[in-house]
$ cat data-v1.txt   # compact mmCIF, N, CA and C atoms
# COMPACT_ATOMS: atom_id res chain seq x y z
N MET A 49 84.52 38.30 -27.37
CA MET A 49 83.41 37.93 -28.21
C MET A 49 82.65 39.20 -28.57
N GLU A 50 82.57 39.46 -29.86
CA GLU A 50 81.91 40.67 -30.32
C GLU A 50 80.41 40.44 -30.49
N ARG A 51 79.69 41.53 -30.30
CA ARG A 51 78.23 41.44 -30.43
C ARG A 51 77.86 41.74 -31.88
N ASN A 52 77.01 40.91 -32.41
CA ASN A 52 76.56 41.08 -33.79
C ASN A 52 75.52 42.21 -33.84
N ASP A 53 75.62 43.11 -34.81
CA ASP A 53 74.70 44.24 -34.92
C ASP A 53 73.29 43.81 -35.28
N SER A 54 73.12 42.63 -35.82
CA SER A 54 71.77 42.19 -36.22
C SER A 54 70.99 41.59 -35.06
N GLU A 55 71.61 41.42 -33.90
CA GLU A 55 70.92 40.90 -32.72
C GLU A 55 70.35 42.04 -31.89
N PHE A 56 69.11 41.89 -31.48
CA PHE A 56 68.45 42.90 -30.66
C PHE A 56 67.96 42.26 -29.38
N ASP A 57 67.91 43.06 -28.33
CA ASP A 57 67.33 42.58 -27.09
C ASP A 57 65.81 42.58 -27.23
N VAL A 58 65.18 41.56 -26.72
CA VAL A 58 63.73 41.43 -26.81
C VAL A 58 63.15 41.70 -25.43
N TYR A 59 62.22 42.64 -25.37
CA TYR A 59 61.54 42.98 -24.13
C TYR A 59 60.05 42.70 -24.31
N TYR A 60 59.49 41.97 -23.39
CA TYR A 60 58.06 41.67 -23.45
C TYR A 60 57.30 42.69 -22.62
N ILE A 61 56.31 43.31 -23.24
CA ILE A 61 55.49 44.31 -22.57
C ILE A 61 54.17 43.66 -22.21
N PRO A 62 53.79 43.67 -20.93
CA PRO A 62 52.52 43.04 -20.54
C PRO A 62 51.34 43.80 -21.17
N PRO A 63 50.23 43.10 -21.41
CA PRO A 63 49.09 43.74 -22.08
C PRO A 63 48.44 44.86 -21.28
N ASN A 64 48.60 44.87 -19.97
CA ASN A 64 47.97 45.91 -19.16
C ASN A 64 48.96 47.03 -18.80
N PHE A 65 50.01 47.20 -19.57
CA PHE A 65 51.04 48.18 -19.26
C PHE A 65 50.49 49.60 -19.29
N ILE A 66 49.80 49.96 -20.33
CA ILE A 66 49.25 51.31 -20.46
C ILE A 66 47.73 51.20 -20.53
N GLU A 67 47.16 50.55 -19.57
CA GLU A 67 45.72 50.39 -19.54
C GLU A 67 45.10 51.65 -18.96
N GLY A 68 44.27 52.31 -19.73
CA GLY A 68 43.64 53.55 -19.27
C GLY A 68 42.41 53.27 -18.44
N GLY A 69 41.99 54.28 -17.71
CA GLY A 69 40.76 54.16 -16.93
C GLY A 69 40.91 53.34 -15.67
N THR A 70 42.10 53.35 -15.09
CA THR A 70 42.29 52.60 -13.84
C THR A 70 42.77 53.55 -12.74
N VAL A 71 42.60 53.11 -11.51
CA VAL A 71 42.99 53.90 -10.34
C VAL A 71 43.89 53.03 -9.47
N LEU A 72 44.79 53.67 -8.76
CA LEU A 72 45.75 53.00 -7.86
C LEU A 72 46.62 51.99 -8.62
N GLY A 73 47.18 52.43 -9.72
CA GLY A 73 48.11 51.60 -10.47
C GLY A 73 47.45 50.41 -11.14
N GLY A 74 46.22 50.53 -11.55
CA GLY A 74 45.54 49.44 -12.24
C GLY A 74 44.79 48.50 -11.32
N LEU A 75 44.70 48.83 -10.05
CA LEU A 75 44.03 47.94 -9.10
C LEU A 75 42.51 47.96 -9.30
N PHE A 76 41.95 49.15 -9.51
CA PHE A 76 40.51 49.29 -9.69
C PHE A 76 40.22 50.04 -10.98
N LYS A 77 39.13 49.68 -11.63
CA LYS A 77 38.69 50.41 -12.82
C LYS A 77 38.01 51.70 -12.37
N LEU A 78 38.12 52.72 -13.20
CA LEU A 78 37.57 54.02 -12.86
C LEU A 78 36.06 53.96 -12.68
N ARG A 79 35.38 53.18 -13.52
CA ARG A 79 33.93 53.06 -13.40
C ARG A 79 33.54 52.46 -12.05
N ASN A 80 34.27 51.45 -11.61
CA ASN A 80 33.97 50.84 -10.31
C ASN A 80 34.20 51.82 -9.16
N VAL A 81 35.25 52.65 -9.26
CA VAL A 81 35.52 53.62 -8.21
C VAL A 81 34.40 54.66 -8.15
N ILE A 82 33.94 55.12 -9.30
CA ILE A 82 32.84 56.10 -9.32
C ILE A 82 31.57 55.50 -8.75
N GLU A 83 31.25 54.26 -9.14
CA GLU A 83 30.05 53.60 -8.60
C GLU A 83 30.15 53.41 -7.08
N ALA A 84 31.32 53.03 -6.61
CA ALA A 84 31.50 52.84 -5.17
C ALA A 84 31.34 54.16 -4.44
N GLY A 85 31.86 55.25 -4.99
CA GLY A 85 31.71 56.56 -4.37
C GLY A 85 30.25 57.00 -4.32
N ILE A 86 29.52 56.77 -5.41
CA ILE A 86 28.10 57.14 -5.44
C ILE A 86 27.32 56.32 -4.41
N LEU A 87 27.58 55.02 -4.34
CA LEU A 87 26.88 54.19 -3.36
C LEU A 87 27.23 54.58 -1.93
N ALA A 88 28.51 54.82 -1.68
CA ALA A 88 28.93 55.18 -0.32
C ALA A 88 28.32 56.52 0.11
N LEU A 89 28.30 57.48 -0.79
CA LEU A 89 27.68 58.77 -0.46
C LEU A 89 26.17 58.65 -0.33
N GLY A 90 25.57 57.87 -1.21
CA GLY A 90 24.11 57.71 -1.16
C GLY A 90 23.63 57.05 0.11
N VAL A 91 24.41 56.16 0.65
CA VAL A 91 24.04 55.49 1.90
C VAL A 91 24.60 56.24 3.11
N GLY A 92 25.79 56.81 2.97
CA GLY A 92 26.46 57.43 4.12
C GLY A 92 25.89 58.77 4.54
N VAL A 93 25.50 59.60 3.59
CA VAL A 93 24.99 60.92 3.94
C VAL A 93 23.71 60.83 4.77
N PRO A 94 22.71 60.02 4.39
CA PRO A 94 21.52 59.92 5.26
C PRO A 94 21.82 59.37 6.65
N ILE A 95 22.81 58.50 6.75
CA ILE A 95 23.17 57.96 8.07
C ILE A 95 23.76 59.05 8.95
N PHE A 96 24.55 59.94 8.36
CA PHE A 96 25.12 61.04 9.14
C PHE A 96 24.05 62.06 9.55
N MET A 97 22.92 62.07 8.89
CA MET A 97 21.83 63.00 9.25
C MET A 97 21.00 62.48 10.43
N ILE A 98 21.12 61.19 10.74
CA ILE A 98 20.37 60.61 11.85
C ILE A 98 20.93 61.16 13.17
N ASP A 99 20.06 61.40 14.11
CA ASP A 99 20.47 61.96 15.40
C ASP A 99 20.91 60.81 16.32
N LEU A 100 22.16 60.38 16.14
CA LEU A 100 22.76 59.32 16.96
C LEU A 100 24.15 59.76 17.38
N ASP A 101 24.74 59.00 18.30
CA ASP A 101 26.12 59.22 18.71
C ASP A 101 27.03 58.87 17.54
N ILE A 102 28.20 59.49 17.47
CA ILE A 102 29.10 59.27 16.35
C ILE A 102 29.57 57.82 16.27
N SER A 103 29.75 57.16 17.40
CA SER A 103 30.17 55.76 17.37
C SER A 103 29.08 54.87 16.79
N ALA A 104 27.82 55.19 17.07
CA ALA A 104 26.72 54.42 16.49
C ALA A 104 26.66 54.64 14.98
N LYS A 105 26.91 55.86 14.54
CA LYS A 105 26.92 56.16 13.10
C LYS A 105 28.02 55.38 12.39
N VAL A 106 29.19 55.31 13.02
CA VAL A 106 30.32 54.59 12.42
C VAL A 106 30.00 53.10 12.32
N VAL A 107 29.39 52.54 13.34
CA VAL A 107 29.02 51.12 13.31
C VAL A 107 28.00 50.86 12.21
N ILE A 108 27.01 51.72 12.09
CA ILE A 108 25.99 51.55 11.05
C ILE A 108 26.63 51.67 9.66
N LEU A 109 27.54 52.62 9.51
CA LEU A 109 28.25 52.76 8.23
C LEU A 109 29.08 51.53 7.90
N CYS A 110 29.70 50.95 8.91
CA CYS A 110 30.52 49.74 8.67
C CYS A 110 29.68 48.56 8.21
N PHE A 111 28.42 48.53 8.62
CA PHE A 111 27.55 47.41 8.22
C PHE A 111 26.74 47.69 6.97
N THR A 112 26.71 48.94 6.50
CA THR A 112 25.90 49.26 5.33
C THR A 112 26.75 49.79 4.17
N ALA A 113 27.32 50.96 4.34
CA ALA A 113 28.02 51.63 3.24
C ALA A 113 29.33 50.94 2.87
N LEU A 114 30.05 50.46 3.85
CA LEU A 114 31.35 49.83 3.57
C LEU A 114 31.22 48.57 2.71
N PRO A 115 30.33 47.62 3.04
CA PRO A 115 30.20 46.45 2.17
C PRO A 115 29.72 46.81 0.76
N LEU A 116 28.79 47.75 0.66
CA LEU A 116 28.32 48.17 -0.66
C LEU A 116 29.45 48.76 -1.49
N ALA A 117 30.25 49.60 -0.86
CA ALA A 117 31.37 50.22 -1.58
C ALA A 117 32.41 49.17 -1.98
N LEU A 118 32.69 48.21 -1.13
CA LEU A 118 33.67 47.17 -1.47
C LEU A 118 33.18 46.28 -2.61
N ILE A 119 31.90 45.93 -2.59
CA ILE A 119 31.35 45.12 -3.68
C ILE A 119 31.39 45.90 -4.99
N ALA A 120 31.08 47.20 -4.92
CA ALA A 120 31.12 48.03 -6.12
C ALA A 120 32.56 48.19 -6.63
N LEU A 121 33.53 48.28 -5.74
CA LEU A 121 34.93 48.40 -6.16
C LEU A 121 35.41 47.13 -6.85
N ILE A 122 35.10 46.00 -6.28
CA ILE A 122 35.56 44.73 -6.83
C ILE A 122 34.81 44.37 -8.09
N GLY A 123 33.49 44.59 -8.09
CA GLY A 123 32.68 44.20 -9.23
C GLY A 123 32.27 42.74 -9.11
N ILE A 124 31.46 42.31 -10.06
CA ILE A 124 30.98 40.93 -10.07
C ILE A 124 31.25 40.34 -11.44
N SER A 125 31.94 39.23 -11.49
CA SER A 125 32.25 38.52 -12.73
C SER A 125 32.94 39.41 -13.75
N GLY A 126 33.81 40.28 -13.29
CA GLY A 126 34.55 41.14 -14.20
C GLY A 126 33.77 42.34 -14.70
N GLU A 127 32.58 42.53 -14.25
CA GLU A 127 31.76 43.67 -14.65
C GLU A 127 31.58 44.60 -13.47
N SER A 128 31.17 45.83 -13.78
CA SER A 128 30.84 46.74 -12.68
C SER A 128 29.51 46.31 -12.08
N LEU A 129 29.23 46.78 -10.90
CA LEU A 129 28.03 46.36 -10.17
C LEU A 129 26.76 46.71 -10.92
N PHE A 130 26.65 47.94 -11.42
CA PHE A 130 25.44 48.36 -12.10
C PHE A 130 25.24 47.65 -13.44
N SER A 131 26.31 47.38 -14.17
CA SER A 131 26.16 46.65 -15.42
C SER A 131 25.76 45.21 -15.15
N TYR A 132 26.24 44.64 -14.05
CA TYR A 132 25.81 43.29 -13.69
C TYR A 132 24.33 43.26 -13.31
N ILE A 133 23.89 44.25 -12.54
CA ILE A 133 22.47 44.32 -12.15
C ILE A 133 21.60 44.53 -13.37
N MET A 134 22.02 45.39 -14.30
CA MET A 134 21.24 45.62 -15.53
C MET A 134 21.18 44.35 -16.37
N GLY A 135 22.27 43.63 -16.47
CA GLY A 135 22.27 42.37 -17.20
C GLY A 135 21.35 41.34 -16.57
N PHE A 136 21.34 41.30 -15.24
CA PHE A 136 20.45 40.36 -14.54
C PHE A 136 18.99 40.73 -14.76
N LEU A 137 18.66 42.02 -14.66
CA LEU A 137 17.28 42.45 -14.89
C LEU A 137 16.86 42.20 -16.33
N ARG A 138 17.76 42.40 -17.27
CA ARG A 138 17.47 42.11 -18.68
C ARG A 138 17.21 40.61 -18.86
N PHE A 139 17.98 39.78 -18.18
CA PHE A 139 17.76 38.33 -18.25
C PHE A 139 16.39 37.96 -17.70
N VAL A 140 16.04 38.53 -16.54
CA VAL A 140 14.75 38.20 -15.92
C VAL A 140 13.60 38.62 -16.83
N LYS A 141 13.75 39.75 -17.48
CA LYS A 141 12.68 40.25 -18.35
C LYS A 141 12.53 39.40 -19.61
N ARG A 142 13.65 38.94 -20.18
CA ARG A 142 13.62 38.25 -21.47
C ARG A 142 13.74 36.74 -21.39
N ARG A 143 13.73 36.17 -20.22
CA ARG A 143 13.95 34.74 -20.12
C ARG A 143 12.80 33.96 -20.76
N ARG A 144 13.12 32.79 -21.23
CA ARG A 144 12.15 31.92 -21.88
C ARG A 144 12.14 30.57 -21.18
N VAL A 145 11.02 29.88 -21.32
CA VAL A 145 10.88 28.57 -20.71
C VAL A 145 11.08 27.54 -21.81
N LEU A 146 11.96 26.58 -21.55
CA LEU A 146 12.17 25.50 -22.50
C LEU A 146 11.16 24.40 -22.24
N GLY A 147 10.50 23.94 -23.27
CA GLY A 147 9.51 22.89 -23.11
C GLY A 147 8.13 23.48 -22.87
N ALA A 148 7.13 22.64 -23.00
CA ALA A 148 5.76 23.10 -22.84
C ALA A 148 5.36 23.07 -21.37
N ASN A 149 4.48 23.96 -21.03
CA ASN A 149 3.96 24.03 -19.67
C ASN A 149 2.87 22.97 -19.51
N LYS A 150 2.81 22.31 -18.38
CA LYS A 150 1.83 21.24 -18.15
C LYS A 150 0.40 21.76 -18.22
N GLN A 151 0.15 22.94 -17.70
CA GLN A 151 -1.21 23.49 -17.72
C GLN A 151 -1.65 23.79 -19.15
N LYS A 152 -0.75 24.28 -19.97
CA LYS A 152 -1.09 24.54 -21.37
C LYS A 152 -1.40 23.24 -22.11
N GLN A 153 -0.67 22.18 -21.79
CA GLN A 153 -0.94 20.89 -22.41
C GLN A 153 -2.32 20.39 -22.03
N ILE A 154 -2.69 20.54 -20.77
CA ILE A 154 -4.01 20.09 -20.31
C ILE A 154 -5.10 20.88 -21.00
N LYS A 155 -4.96 22.20 -21.14
CA LYS A 155 -5.97 23.03 -21.81
C LYS A 155 -6.10 22.63 -23.27
N ARG A 156 -5.00 22.34 -23.94
CA ARG A 156 -5.06 21.92 -25.35
C ARG A 156 -5.81 20.59 -25.48
N ARG A 157 -5.55 19.67 -24.57
CA ARG A 157 -6.22 18.37 -24.63
C ARG A 157 -7.73 18.53 -24.41
N ARG A 158 -8.10 19.41 -23.48
CA ARG A 158 -9.54 19.64 -23.23
C ARG A 158 -10.21 20.25 -24.45
N LYS A 159 -9.55 21.17 -25.11
CA LYS A 159 -10.11 21.79 -26.32
C LYS A 159 -10.25 20.74 -27.42
N ASN A 160 -9.28 19.87 -27.55
CA ASN A 160 -9.36 18.83 -28.59
C ASN A 160 -10.48 17.84 -28.29
N ILE A 161 -10.71 17.52 -27.02
CA ILE A 161 -11.75 16.57 -26.64
C ILE A 161 -13.13 17.19 -26.87
N GLU A 162 -13.29 18.49 -26.58
CA GLU A 162 -14.58 19.15 -26.75
C GLU A 162 -14.97 19.28 -28.21
N ARG A 163 -14.04 19.30 -29.10
CA ARG A 163 -14.35 19.42 -30.54
C ARG A 163 -14.83 18.13 -31.04

$ encode --input "data-v1.txt" --output "structure tokens"
Amino acid sequence: MERNDSEFDVYYIPPNFIEGGTVLGGLFKLRNVIEAGILALGVGVPIFMIDLDISAKVVILCFTALPLALIALIGISGESLFSYIMGFLRFVKRRRVLGANKQKQIKRRRKNIER
């Protein structure tokens, strides 16, 4: 059986094949790795300056810097940790209340009665 020249093999390329800005084969985004490094150094360096035994320093690091670095590596809801925090702070600053406030309604009624 001869192969027809008009037939081609079809290869499907996954969308993340050449995804730039990743570390460890696409496991972590570069931004998350940088944020985790900054957080780990920011928390870890002052702990190493404390005058304690090395085992106590390691235990303190395991309870402080390690969880912060892991959360920064993973991210939250597909975003980096700092972009998520900035989005949350932006939400808190710009949030609006739906419906009228009860105290405002009472003040309006008093003003209408006094007139």

$ closest_residue --input "data-v1.txt" --among "A:Leu109, A:Met134, A:Ile161, A:Leu129" --to "Arg79 of chain A" --atoms "only C-alpha atoms"
A:Leu129

$ atom_distance --input "data-v1.txt" --atom1 "atom C of Arg156 of chain A" --atom2 "atom CA of Arg142 of chain A"
26.6 Å

$ atom_distance --input "data-v1.txt" --atom1 "atom C of Cys110 of chain A" --atom2 "atom CA of Val91 of chain A"
10.9 Å

$ atom_distance --input "data-v1.txt" --atom1 "atom CA of Ala120 of chain A" --atom2 "atom CA of Arg144 of chain A"
29.5 Å

$ closest_residue --input "data-v1.txt" --among "A:Glu55, A:Val93, A:Lys77, A:Pro62" --to "Glu127 of chain A" --atoms "only C-alpha atoms"
A:Lys77

$ decode --input "data-v1.txt" --residues "segment 111-125 of chain A" --atoms "N, CA and C atoms" --output "JSON list (two decimals), in the first residue's frame"
[["chain", "number", "residue", "atom", "x", "y", "z"],
["A", 111, "PHE", "N", 8.52, 28.27, 60.18],
["A", 111, "PHE", "CA", 7.18, 28.75, 60.50],
["A", 111, "PHE", "C", 6.88, 30.12, 59.92],
["A", 112, "THR", "N", 7.89, 30.84, 59.41],
["A", 112, "THR", "CA", 7.64, 32.18, 58.89],
["A", 112, "THR", "C", 7.98, 32.28, 57.40],
["A", 113, "ALA", "N", 9.25, 32.16, 57.06],
["A", 113, "ALA", "CA", 9.69, 32.41, 55.69],
["A", 113, "ALA", "C", 9.23, 31.33, 54.72],
["A", 114, "LEU", "N", 9.25, 30.09, 55.15],
["A", 114, "LEU", "CA", 8.87, 28.99, 54.25],
["A", 114, "LEU", "C", 7.41, 29.08, 53.79],
["A", 115, "PRO", "N", 6.44, 29.27, 54.68],
["A", 115, "PRO", "CA", 5.06, 29.40, 54.20],
["A", 115, "PRO", "C", 4.86, 30.62, 53.30],
["A", 116, "LEU", "N", 5.49, 31.74, 53.63],
["A", 116, "LEU", "CA", 5.37, 32.93, 52.78],
["A", 116, "LEU", "C", 5.93, 32.66, 51.39],
["A", 117, "ALA", "N", 7.08, 32.02, 51.33],
["A", 117, "ALA", "CA", 7.68, 31.72, 50.03],
["A", 117, "ALA", "C", 6.82, 30.74, 49.24],
["A", 118, "LEU", "N", 6.26, 29.75, 49.88],
["A", 118, "LEU", "CA", 5.41, 28.78, 49.17],
["A", 118, "LEU", "C", 4.14, 29.43, 48.64],
["A", 119, "ILE", "N", 3.52, 30.29, 49.44],
["A", 119, "ILE", "CA", 2.32, 30.99, 48.97],
["A", 119, "ILE", "C", 2.66, 31.91, 47.80],
["A", 120, "ALA", "N", 3.82, 32.57, 47.87],
["A", 120, "ALA", "CA", 4.23, 33.44, 46.78],
["A", 120, "ALA", "C", 4.55, 32.63, 45.52],
["A", 121, "LEU", "N", 5.13, 31.45, 45.66],
["A", 121, "LEU", "CA", 5.42, 30.61, 44.50],
["A", 121, "LEU", "C", 4.15, 30.13, 43.82],
["A", 122, "ILE", "N", 3.20, 29.68, 44.60],
["A", 122, "ILE", "CA", 1.96, 29.14, 44.04],
["A", 122, "ILE", "C", 1.08, 30.25, 43.51],
["A", 123, "GLY", "N", 0.99, 31.36, 44.24],
["A", 123, "GLY", "CA", 0.10, 32.44, 43.84],
["A", 123, "GLY", "C", -1.31, 32.18, 44.34],
["A", 124, "ILE", "N", -2.18, 33.14, 44.11],
["A", 124, "ILE", "CA", -3.57, 33.03, 44.54],
["A", 124, "ILE", "C", -4.47, 33.31, 43.35],
["A", 125, "SER", "N", -5.35, 32.40, 43.05],
["A", 125, "SER", "CA", -6.32, 32.53, 41.95],
["A", 125, "SER", "C", -5.64, 32.82, 40.62]]
